[in-house]
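Inspection log for the structure reproduced underneath, given as structure tokens.
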Amino acid sequence: MIKSELVQRIADRNPHLYLRDVEKIVNAILDEITNALARGDRVELRGFGAFSVKRRDARLGRNPRTGAHVAVDEKAVPFFKTGKEMRERLNDGYNG
Amino acid sequence: MVKSELAAGSHAPGPAPSNSATTKTQGPRTITRVNLAEAVYQQVGLSRKESAALVEMVLDEMTNRLIAGEPVRLSSFGSFTVRHKGQRIGRNPKTGVEVPIKERRVLVFKSSNLLKARINGQLAEGGDD
């Protein structure tokens, strides 16, 4: 499912809303998560999962093709941890 | 014993949650559904109650697709895919005792380049696709 399909599905369940508004809703949610992470905040959605930001130290990397050393700057990476309920539901009746 | 009421959806329309983070003076905050609903309320102009219901519906829809084993790809945000892991022998790191880890499914999130750039402060707010 891609974003436009998600928007369409939500719109189908809410005939009183314009497609354009549903699009705004989905974008508002994703932007809120993005902005929170950009501030270094954590986003916790019970039953779904939690987004957080992890720091990676600067390191000396290698160009895999030439073997040359390259300095890699310190950076931050987004991290997602699956929620408990999601994990359980993914594996419901899946023990074999 | 009295159980405090924290269930979503039971809130009367009231003041905006103070947690919605516009200043940057304190340490990291935790954003929840309440803040997502508030963002929808502010930007779309639905009632608070309906905004909360729609946040729930979006998460629900995504969850259901993932449980069906279908990937969810949200451009400029990232993609969620379900990966199948075979059975393997694990070890209790404390005791060294071998324990079988059953076959299972795990959810993997891969962030978009845009999200990574935003987190590293390389792009201004509101960058799209």
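In the structure tokens, chains take letters A, B, ... by order of appearance, with residues numbered from 1 within each chain and ligands from 1 in the order shown.
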Inset, instruction - Going by DSSP on the backbone, which bits of chain A are alpha helix (DSSP H)? Write them as a ChimeraX atom specification, please. - result: /A:3-13,19-38,84-90
Inset, instruction - For Ala58 (chain A), work out the shell of residues within 12 Å, counting only C-alpha atoms and skipping chain neighbours fewer than 4 positions away, then give it as an MDAnalysis selection string. - result: chainID A and resid 70:76
Go ahead and dump the residues you just picked, C-alpha atoms, as a compact mmCIF listing (two decimals), in the first residue's frame.
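Now in again39.txt:
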```
# COMPACT_ATOMS: atom_id res chain seq x y z
CA VAL A 70 37.05 8.55 4.21
CA ALA A 71 36.02 10.52 7.25
CA VAL A 72 32.35 9.96 8.06
CA ASP A 73 30.80 12.75 10.13
CA GLU A 74 28.75 12.24 13.22
CA LYS A 75 25.10 11.83 12.28
CA ALA A 76 21.64 11.01 13.56
```
Legend entry - Interface list for chain B, partner chain A, 8 Å threshold, only C-alpha atoms, as a ChimeraX atom specification: /B:24,28-33,35-37,39-40,43-44,54-55,57-59,61-63,65-67,70-75,77,102-109,111,115-116,118-121,125-126
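Taking region 13-126 of chain B and asking which residues DSSP calls strand (DSSP E or B) on the backbone, you get Thr30, Ile31, Val72, Arg73, Leu74, Gly78, Ser79, Phe80, Thr81, Val82, Arg83, His84, Lys85, Arg88, Ile89, Gly90, Arg91, Glu98, Val99, Pro100, Ile101, Arg104, Arg105, Val106, Leu107, Val108, Phe109, Lys110 and Ser111 of chain B.
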